[in-house]
>>> print(open('model.tsv').read())   # TSV, C-alpha atoms
chain	number	residue	atom	x	y	z
A	145	MET	CA	-58.09	-17.54	-8.38
A	146	ILE	CA	-60.28	-15.16	-10.35
A	147	LEU	CA	-57.51	-14.03	-12.64
A	148	ALA	CA	-56.56	-17.58	-13.47
A	149	SER	CA	-59.86	-18.26	-15.20
A	150	GLU	CA	-58.89	-20.47	-18.12
A	151	SER	CA	-61.55	-19.50	-20.60
A	152	GLY	CA	-59.90	-16.17	-21.37
A	153	GLU	CA	-63.20	-14.38	-21.06
A	154	PHE	CA	-63.82	-11.82	-18.36
A	155	PRO	CA	-65.62	-13.68	-15.57
A	156	PRO	CA	-69.25	-12.76	-14.85
A	157	ILE	CA	-69.66	-10.30	-12.01
A	158	SER	CA	-71.14	-12.86	-9.65
A	159	HIS	CA	-67.90	-14.86	-9.83
A	160	LEU	CA	-65.95	-11.93	-8.45
A	161	VAL	CA	-67.77	-11.61	-5.16
A	162	GLU	CA	-69.31	-15.00	-4.43
A	163	TRP	CA	-67.12	-17.30	-2.36
A	164	LYS	CA	-67.40	-20.91	-1.38
A	165	ASP	CA	-68.60	-21.75	2.11
A	166	LEU	CA	-65.68	-22.68	4.32
A	167	LEU	CA	-67.55	-23.72	7.43
A	168	LEU	CA	-71.10	-24.77	8.27
A	169	GLY	CA	-72.00	-24.79	4.58
A	170	GLY	CA	-75.70	-24.98	3.76
A	171	THR	CA	-76.88	-23.57	7.08
A	172	PRO	CA	-77.86	-19.92	7.51
A	173	PHE	CA	-74.68	-19.51	9.57
A	174	SER	CA	-72.32	-20.60	6.81
A	175	ILE	CA	-68.99	-18.84	6.89
A	176	ASN	CA	-67.22	-17.78	3.72
A	177	LYS	CA	-64.34	-15.45	3.02
A	178	VAL	CA	-66.44	-12.30	3.30
A	179	VAL	CA	-67.84	-13.28	6.69
A	180	LEU	CA	-64.33	-14.09	7.83
A	181	ILE	CA	-63.14	-10.63	6.72
A	182	ASN	CA	-66.05	-9.00	8.55
A	183	VAL	CA	-65.23	-10.87	11.75
A	184	VAL	CA	-61.52	-10.07	11.49
A	185	ALA	CA	-62.35	-6.39	10.88
A	186	GLY	CA	-64.47	-6.37	14.02
A	187	LEU	CA	-61.75	-8.05	16.06
A	188	LEU	CA	-59.13	-5.65	14.68
A	189	THR	CA	-61.27	-2.70	15.74
A	190	ILE	CA	-61.48	-4.07	19.28
A	191	LEU	CA	-57.76	-4.90	19.30
A	192	LEU	CA	-56.86	-1.41	18.11
A	193	PHE	CA	-58.61	0.26	21.00
A	194	VAL	CA	-57.42	-2.28	23.56
A	195	LEU	CA	-53.84	-1.67	22.41
A	196	ALA	CA	-54.33	2.08	22.33
A	197	SER	CA	-55.70	2.24	25.86
A	198	SER	CA	-53.25	-0.26	27.39
A	199	LYS	CA	-50.25	2.03	27.04
A	200	LYS	CA	-51.30	5.59	27.62
A	201	GLY	CA	-48.56	8.13	27.18
A	202	LEU	CA	-48.77	11.86	27.64
A	203	VAL	CA	-47.47	12.27	24.11
A	204	PRO	CA	-49.51	9.92	21.88
A	205	LYS	CA	-47.36	7.56	19.80
A	206	GLY	CA	-48.09	4.71	17.44
A	207	VAL	CA	-51.49	3.07	17.92
A	208	GLN	CA	-52.54	5.62	20.49
A	209	HIS	CA	-51.79	8.40	18.04
A	210	VAL	CA	-53.92	6.75	15.34
A	211	THR	CA	-56.91	6.25	17.59
A	212	GLU	CA	-56.63	9.68	19.17
A	213	SER	CA	-56.56	11.31	15.75
A	214	ALA	CA	-59.60	9.30	14.68
A	215	VAL	CA	-61.50	10.19	17.85
A	216	GLY	CA	-60.54	13.82	17.27
A	217	MET	CA	-61.75	13.65	13.69
A	218	VAL	CA	-65.08	12.03	14.58
A	219	SER	CA	-65.69	14.42	17.47
A	220	GLY	CA	-65.10	17.18	14.93
A	221	ILE	CA	-67.89	15.67	12.82
A	222	VAL	CA	-70.11	15.39	15.88
A	223	ALA	CA	-69.48	19.01	16.81
A	224	ASP	CA	-70.24	20.11	13.25
A	225	VAL	CA	-73.42	18.23	12.46
A	226	MET	CA	-75.06	17.12	15.71
A	227	PRO	CA	-76.99	19.49	17.96
A	228	HIS	CA	-74.85	21.17	20.56
A	229	ASP	CA	-75.05	20.09	24.11
A	230	ASP	CA	-77.32	22.30	26.20
A	231	ASP	CA	-80.17	21.98	28.66
A	232	HIS	CA	-82.73	21.03	26.03
A	233	HIS	CA	-81.00	17.78	25.19
A	234	LYS	CA	-81.36	14.68	27.26
A	235	TYR	CA	-78.64	13.09	25.19
A	236	ASN	CA	-75.27	14.63	24.85
A	237	ALA	CA	-74.10	14.23	21.26
A	238	LYS	CA	-70.78	12.98	22.65
A	239	LYS	CA	-72.67	9.90	23.80
A	240	PHE	CA	-72.60	8.63	20.23
A	241	LEU	CA	-68.86	9.08	19.81
A	242	PRO	CA	-67.98	5.44	20.70
A	243	LEU	CA	-70.56	4.10	18.21
A	244	LEU	CA	-69.39	6.39	15.44
A	245	VAL	CA	-65.66	5.84	15.99
A	246	SER	CA	-65.97	2.06	16.13
A	247	MET	CA	-68.22	2.16	13.08
A	248	PHE	CA	-65.61	4.21	11.26
A	249	PHE	CA	-62.82	1.73	12.00
A	250	PHE	CA	-64.99	-1.30	11.30
A	251	ILE	CA	-65.96	0.02	7.86
A	252	PHE	CA	-62.42	1.16	7.16
A	253	PHE	CA	-60.92	-2.26	7.93
A	254	ASN	CA	-63.60	-3.92	5.82
A	255	ASN	CA	-62.89	-1.59	2.89
A	256	ILE	CA	-59.12	-1.81	3.12
A	257	ALA	CA	-59.29	-5.63	2.92
A	258	GLY	CA	-59.92	-5.07	-0.80
A	259	ILE	CA	-56.30	-4.10	-1.44
A	260	ILE	CA	-54.45	-6.22	1.12
A	261	PRO	CA	-52.48	-8.84	-0.85
A	262	PHE	CA	-53.97	-12.37	-0.76
A	263	VAL	CA	-57.15	-11.10	0.91
A	264	GLN	CA	-58.25	-8.76	-1.89
A	265	MET	CA	-61.92	-8.80	-1.17
A	266	PRO	CA	-63.58	-5.86	0.55
A	267	GLY	CA	-65.95	-7.00	3.27
A	268	THR	CA	-68.37	-4.25	2.30
A	269	ALA	CA	-68.59	-5.35	-1.34
A	270	ARG	CA	-71.49	-7.61	-0.46
A	271	MET	CA	-74.76	-5.86	0.31
A	272	ALA	CA	-75.29	-7.67	3.63
A	273	LEU	CA	-72.90	-5.63	5.75
A	274	PRO	CA	-73.83	-2.14	4.45
A	275	ILE	CA	-77.55	-2.87	4.77
A	276	PHE	CA	-77.01	-4.17	8.32
A	277	LEU	CA	-75.06	-1.06	9.29
A	278	SER	CA	-77.60	1.29	7.77
A	279	LEU	CA	-80.48	-0.50	9.51
A	280	LEU	CA	-78.50	-0.16	12.73
A	281	VAL	CA	-78.24	3.58	12.13
A	282	LEU	CA	-81.99	3.74	11.38
A	283	LEU	CA	-82.73	1.88	14.61
A	284	VAL	CA	-80.37	3.93	16.78
A	285	SER	CA	-81.51	7.27	15.37
A	286	ASN	CA	-85.20	6.48	15.86
A	287	PHE	CA	-84.62	4.94	19.29
A	288	TYR	CA	-82.85	8.01	20.62
A	289	GLY	CA	-85.25	10.33	18.80
A	290	ILE	CA	-88.13	8.65	20.64
A	291	LYS	CA	-86.26	8.75	23.93
A	292	GLN	CA	-85.51	12.43	23.44
A	293	ASN	CA	-88.96	13.65	22.40
A	294	GLY	CA	-91.40	10.80	23.08
A	295	VAL	CA	-93.09	8.69	20.41
A	296	GLY	CA	-95.73	11.23	19.37
A	297	THR	CA	-93.47	14.24	19.07
A	298	HIS	CA	-90.73	12.24	17.41
A	299	PHE	CA	-92.91	11.10	14.55
A	300	LYS	CA	-94.75	14.41	14.41
A	301	ASN	CA	-91.46	16.25	13.95
A	302	ALA	CA	-90.28	13.71	11.42
A	303	LEU	CA	-93.41	13.43	9.31
A	304	PHE	CA	-95.07	16.82	9.80
A	305	PRO	CA	-92.22	19.33	9.58
A	306	PRO	CA	-93.27	22.58	11.24
A	307	GLY	CA	-93.74	25.74	9.23
A	308	VAL	CA	-95.43	24.01	6.31
A	309	PRO	CA	-98.97	25.10	5.31
A	310	LYS	CA	-101.51	22.54	6.52
A	311	ALA	CA	-102.76	21.59	3.04
A	312	LEU	CA	-99.25	20.74	1.91
A	313	TYR	CA	-98.98	17.96	4.48
A	314	LEU	CA	-100.93	15.82	2.01
A	315	LEU	CA	-97.87	16.03	-0.21
A	316	VAL	CA	-95.07	16.44	2.33
A	317	THR	CA	-95.91	13.63	4.73
A	318	PRO	CA	-95.77	10.73	2.23
A	319	ILE	CA	-92.55	12.14	0.79
A	320	GLU	CA	-90.99	12.45	4.25
A	321	LEU	CA	-92.15	8.96	5.19
A	322	LEU	CA	-90.59	7.52	2.07
A	323	SER	CA	-87.41	9.56	2.26
A	324	GLN	CA	-86.67	9.11	5.95
A	325	PHE	CA	-87.54	5.48	6.52
A	326	ILE	CA	-86.89	3.87	3.13
A	327	VAL	CA	-84.72	5.99	0.84
A	328	ARG	CA	-82.39	7.12	3.61
A	329	PRO	CA	-81.23	3.71	4.88
A	330	PHE	CA	-81.25	2.35	1.34
A	331	SER	CA	-79.06	5.11	-0.05
A	332	LEU	CA	-76.74	4.94	2.96
A	333	ALA	CA	-76.17	1.24	2.31
A	334	VAL	CA	-75.98	1.53	-1.47
A	335	ARG	CA	-73.46	4.37	-1.28
A	336	LEU	CA	-71.00	2.32	0.73
A	337	PHE	CA	-71.62	-0.89	-1.19
A	338	ALA	CA	-71.45	0.58	-4.68
A	339	ASN	CA	-68.35	2.68	-4.06
A	340	VAL	CA	-66.38	-0.21	-2.66
A	341	PHE	CA	-67.72	-2.70	-5.18
A	342	ALA	CA	-66.97	-0.39	-8.11
A	343	GLY	CA	-63.41	-0.03	-6.85
A	344	HIS	CA	-63.07	-3.79	-6.52
A	345	LEU	CA	-64.39	-4.22	-10.05
A	346	LEU	CA	-61.91	-1.68	-11.43
A	347	LEU	CA	-59.00	-3.46	-9.75
A	348	VAL	CA	-60.15	-6.79	-11.16
A	349	ILE	CA	-60.55	-5.35	-14.66
A	350	PHE	CA	-57.06	-3.86	-14.76
A	351	GLY	CA	-55.50	-6.88	-13.07
A	352	PHE	CA	-57.21	-9.13	-15.59
A	353	LEU	CA	-56.13	-6.94	-18.49
A	354	SER	CA	-52.47	-6.83	-17.48
A	355	ASN	CA	-52.49	-10.57	-16.85
A	356	LYS	CA	-54.03	-11.25	-20.27
A	357	LEU	CA	-51.55	-9.00	-22.06
A	358	MET	CA	-48.55	-10.42	-20.23
A	359	THR	CA	-49.48	-14.00	-21.03
A	360	SER	CA	-50.60	-13.24	-24.57
A	361	ASP	CA	-49.26	-15.36	-27.45
A	362	THR	CA	-48.36	-12.32	-29.52
A	363	PHE	CA	-44.95	-11.22	-28.27
A	364	ALA	CA	-45.47	-7.61	-29.32
A	365	LEU	CA	-48.40	-7.29	-26.88
A	366	LYS	CA	-46.36	-8.21	-23.81
A	367	PRO	CA	-44.72	-4.78	-23.22
A	368	VAL	CA	-48.13	-3.12	-23.50
A	369	ALA	CA	-49.04	-4.81	-20.23
A	370	ILE	CA	-47.06	-2.16	-18.40
A	371	LEU	CA	-49.82	0.40	-19.08
A	372	PRO	CA	-52.71	-1.37	-17.31
A	373	PHE	CA	-50.25	-2.43	-14.62
A	374	LEU	CA	-49.33	1.19	-13.88
A	375	MET	CA	-53.03	1.98	-13.83
A	376	LEU	CA	-53.51	-0.90	-11.40
A	377	ILE	CA	-50.93	0.58	-9.02
A	378	PHE	CA	-52.53	3.99	-9.28
A	379	LEU	CA	-56.00	2.53	-8.66
A	380	THR	CA	-54.74	0.59	-5.65
A	381	LEU	CA	-53.58	3.86	-4.12
A	382	PHE	CA	-56.88	5.42	-5.13
A	383	GLU	CA	-58.69	2.61	-3.32
A	384	VAL	CA	-56.91	3.50	-0.08
A	385	MET	CA	-58.43	6.94	-0.40
A	386	VAL	CA	-61.85	5.54	-1.25
A	387	ALA	CA	-61.71	3.16	1.72
A	388	PHE	CA	-60.99	6.06	4.05
A	389	LEU	CA	-63.44	8.45	2.41
A	390	GLN	CA	-66.34	6.00	2.41
A	391	ALA	CA	-65.80	5.15	6.07
A	392	TYR	CA	-65.68	8.89	6.78
A	393	ILE	CA	-68.83	9.63	4.79
A	394	PHE	CA	-70.75	6.77	6.36
A	395	THR	CA	-69.79	8.06	9.81
A	396	LEU	CA	-70.67	11.63	8.83
A	397	LEU	CA	-74.08	10.67	7.49
A	398	SER	CA	-74.81	8.48	10.50
A	399	ALA	CA	-74.02	11.46	12.72
A	400	VAL	CA	-76.32	13.65	10.62
A	401	TYR	CA	-79.17	11.14	10.73
A	402	ILE	CA	-78.85	10.48	14.46
A	403	GLY	CA	-78.37	14.17	15.21
A	404	GLY	CA	-81.39	15.15	13.12
A	405	TYR	CA	-83.76	13.40	15.50
A	406	LEU	CA	-82.08	14.69	18.65
A	407	SER	CA	-83.31	18.26	18.34
A	408	PRO	CA	-85.81	19.21	21.03
A	409	GLU	CA	-89.46	19.84	20.30
A	410	HIS	CA	-90.10	22.70	17.93
B	236	MET	CA	-101.48	-3.02	-33.47
B	237	SER	CA	-98.89	-5.04	-35.32
B	238	MET	CA	-96.37	-2.30	-34.59
B	239	LEU	CA	-97.12	-2.54	-30.89
B	240	ALA	CA	-96.56	-6.29	-31.01
B	241	GLN	CA	-93.31	-5.69	-32.82
B	242	VAL	CA	-92.16	-3.23	-30.17
B	243	THR	CA	-93.05	-5.63	-27.36
B	244	GLU	CA	-91.18	-8.35	-29.18
B	245	GLU	CA	-88.15	-6.10	-29.52
B	246	ILE	CA	-88.29	-5.24	-25.83
B	247	ALA	CA	-88.60	-8.91	-24.90
B	248	LYS	CA	-85.62	-9.67	-27.13
B	249	ALA	CA	-83.65	-6.85	-25.53
B	250	GLY	CA	-84.59	-8.14	-22.12
B	251	THR	CA	-82.70	-11.35	-22.68
B	252	ASN	CA	-79.53	-9.57	-23.80
B	253	ASN	CA	-79.50	-6.11	-22.27
B	254	LYS	CA	-75.89	-5.73	-21.14
B	255	GLY	CA	-75.20	-2.99	-23.64
B	256	LEU	CA	-78.43	-1.20	-22.81
B	257	ALA	CA	-77.58	-1.41	-19.12
B	258	ALA	CA	-74.19	0.14	-19.74
B	259	ILE	CA	-75.74	2.95	-21.78
B	260	GLY	CA	-78.29	3.45	-19.02
B	261	TYR	CA	-75.57	3.79	-16.44
B	262	GLY	CA	-73.71	6.24	-18.64
B	263	ALA	CA	-76.84	8.35	-18.98
B	264	GLY	CA	-77.47	8.11	-15.25
B	265	ALA	CA	-73.99	9.40	-14.47
B	266	ILE	CA	-74.43	12.66	-16.42
B	267	GLY	CA	-76.59	14.44	-13.86
B	268	PRO	CA	-74.56	13.55	-10.76
B	269	GLY	CA	-71.37	14.36	-12.70
B	270	ILE	CA	-72.55	17.88	-13.41
B	271	GLY	CA	-73.92	18.15	-9.89
B	272	ILE	CA	-70.72	17.14	-8.13
B	273	GLY	CA	-68.63	19.36	-10.36
B	274	TYR	CA	-70.80	22.36	-9.64
B	275	LEU	CA	-70.94	21.54	-5.92
B	276	VAL	CA	-67.18	21.18	-5.47
B	277	GLY	CA	-66.50	24.23	-7.60
B	278	GLN	CA	-68.77	26.36	-5.46
B	279	SER	CA	-67.24	24.91	-2.29
B	280	VAL	CA	-63.73	25.77	-3.46
B	281	GLN	CA	-64.92	29.27	-4.21
B	282	ALA	CA	-66.45	29.54	-0.75
B	283	MET	CA	-63.25	28.27	0.87
B	284	ALA	CA	-61.13	30.69	-1.15
B	285	ARG	CA	-63.33	33.61	-0.20
B	286	GLN	CA	-63.52	32.72	3.44
B	287	PRO	CA	-60.65	30.44	4.47
B	288	GLU	CA	-61.67	30.49	8.13
B	289	ALA	CA	-64.94	28.74	7.22
B	290	ALA	CA	-63.08	26.01	5.29
B	291	GLY	CA	-63.74	23.27	7.86
B	292	MET	CA	-67.47	23.85	7.89
B	293	VAL	CA	-67.66	24.16	4.11
B	294	ARG	CA	-65.71	20.91	3.71
B	295	THR	CA	-68.07	18.95	5.95
B	296	THR	CA	-71.09	20.31	4.11
B	297	MET	CA	-69.40	19.64	0.78
B	298	PHE	CA	-68.86	15.98	1.66
B	299	LEU	CA	-72.48	15.72	2.72
B	300	GLY	CA	-73.62	17.22	-0.56
B	301	ILE	CA	-71.30	14.96	-2.56
B	302	ALA	CA	-72.62	11.93	-0.70
B	303	PHE	CA	-76.22	12.83	-1.53
B	304	THR	CA	-75.52	13.68	-5.17
B	305	GLU	CA	-73.32	10.65	-5.71
B	306	ALA	CA	-76.06	8.34	-4.47
B	307	LEU	CA	-77.94	8.81	-7.75
B	308	ALA	CA	-74.97	7.71	-9.83
B	309	LEU	CA	-74.37	4.77	-7.51
B	310	ILE	CA	-77.97	3.63	-7.75
B	311	GLY	CA	-77.46	3.73	-11.52
B	312	PHE	CA	-74.39	1.54	-11.10
B	313	VAL	CA	-76.31	-0.96	-8.99
B	314	ALA	CA	-79.12	-0.96	-11.56
B	315	TYR	CA	-76.51	-1.71	-14.21
B	316	ILE	CA	-75.19	-4.67	-12.23
B	317	LEU	CA	-78.69	-6.00	-11.62
B	318	ALA	CA	-79.56	-5.65	-15.30
B	319	SER	CA	-76.35	-7.18	-16.64
B	320	ALA	CA	-75.87	-10.00	-14.13
>>> encode(input="model.tsv", output="structure tokens")
Amino acid sequence: MILASESGEFPPISHLVEWKDLLLGGTPFSINKVVLINVVAGLLTILLFVLASSKKGLVPKGVQHVTESAVGMVSGIVADVMPHDDDHHKYNAKKFLPLLVSMFFFIFFNNIAGIIPFVQMPGTARMALPIFLSLLVLLVSNFYGIKQNGVGTHFKNALFPPGVPKALYLLVTPIELLSQFIVRPFSLAVRLFANVFAGHLLLVIFGFLSNKLMTSDTFALKPVAILPFLMLIFLTLFEVMVAFLQAYIFTLLSAVYIGGYLSPEH
Amino acid sequence: MSMLAQVTEEIAKAGTNNKGLAAIGYGAGAIGPGIGIGYLVGQSVQAMARQPEAAGMVRTTMFLGIAFTEALALIGFVAYILASA
């Protein structure tokens, strides 16, 4: 649809990611392609774990193997970056494993939709989903930080880091306030969004270029189309890696942010 | 004074057609994170080569560092899109 733009000019960026409303158009609940992809990604995540837990074998195979590897990977993250379980912690870091694993798969399915033929639109290439997920992480991390240490201690630890000379708090506290409650969720969302969107843009550019060259009027230009097409194949494979890596990094950073507030009182 | 007016006029003119400027801005914004990520990964590889048993820990920290450094370049990319759209 995008590639078949008749004008011959590269379409403006907004044309690449804005889709027509399919259902309930005009209302705040309107459903377009991106919303549909988000919903399908969520359902796929649920389906994956239902399938994996319905047939439990001693030796993991198929779906069970995939989910068990992912759970193993995420619990590796949790063990690396979240505080270890001991008597000082009300909340075992393992408690967050279900959230992190399902977040990983949800983001991964949303990202991978960008290279699935005929879908070809990553669900995370609109800002809405990344910003929602990062606000969720902000909410969860602060909620459990408050539950762990109480409201006063939680914000005291966050805004007045111990071991800093008293006079420096004039400088440190505003910076911490800005960095923890504004820059942190913003950069978490932008990182996911921009990576996936940049990949989508690259695929469109090379797809557009090979299409233009192949349908060009000058016959000599037609064989040149093989070059951007090869690049397109390479970039598609690259996008698989990006989809995985961004889901991994989002999960890792969520674990870091949640774990950072779980430390006991200093 | 007239020079100031001229400059403002130029800026206003650029503001209506700033796609090229936005692209240059993104290119400039990518220099720092590019150097940063290169240095970071290089040091991580060195750490992993020196102490292979710590590779897992170094890798996790490396990804964290990349994620933080990369954020600057990505904010530049978003700024480019906002400026050129």
>>> interface_residues(input="model.tsv", of="chain A", to="chain B", cutoff="10 Å", atoms="all atoms listed in the file", output="ChimeraX atom specification")
/A:156-158,220-221,224-225,328,330-339,341-342,389-390,392-394,396-397,400
>>> residues_around(input="model.tsv", residues="Val179 in chain A", least_positions_apart="6", cutoff="10 Å", atoms="only C-alpha atoms", output="VMD selection string")
chain A and resid 163 165 to 166 173 185 267 270 272 to 273
>>> closest_residue(input="model.tsv", among="A:Tyr405, A:Glu153, A:Met385, A:Ser398", to="Lys291 in chain A", atoms="all atoms listed in the file")
A:Tyr405
>>> atom_distance(input="model.tsv", atom1="CA of Phe350 in chain A", atom2="CA of Thr268 in chain A")
20.5 Å
>>> atom_distance(input="model.tsv", atom1="CA of Phe253 in chain A", atom2="CA of Leu379 in chain A")
18.0 Å
>>> closest_residue(input="model.tsv", among="A:Val308, A:Leu192, A:Ala399, A:Ala237", to="Val281 in chain A", atoms="all atoms listed in the file")
A:Ala399
>>> closest_residue(input="model.tsv", among="A:Ala369, A:Leu280, A:Ala387, A:Ala223", to="Lys356 in chain A", atoms="all atoms listed in the file")
A:Ala369
>>> atom_distance(input="model.tsv", atom1="CA of Leu353 in chain A", atom2="CA of Pro372 in chain A")
6.6 Å
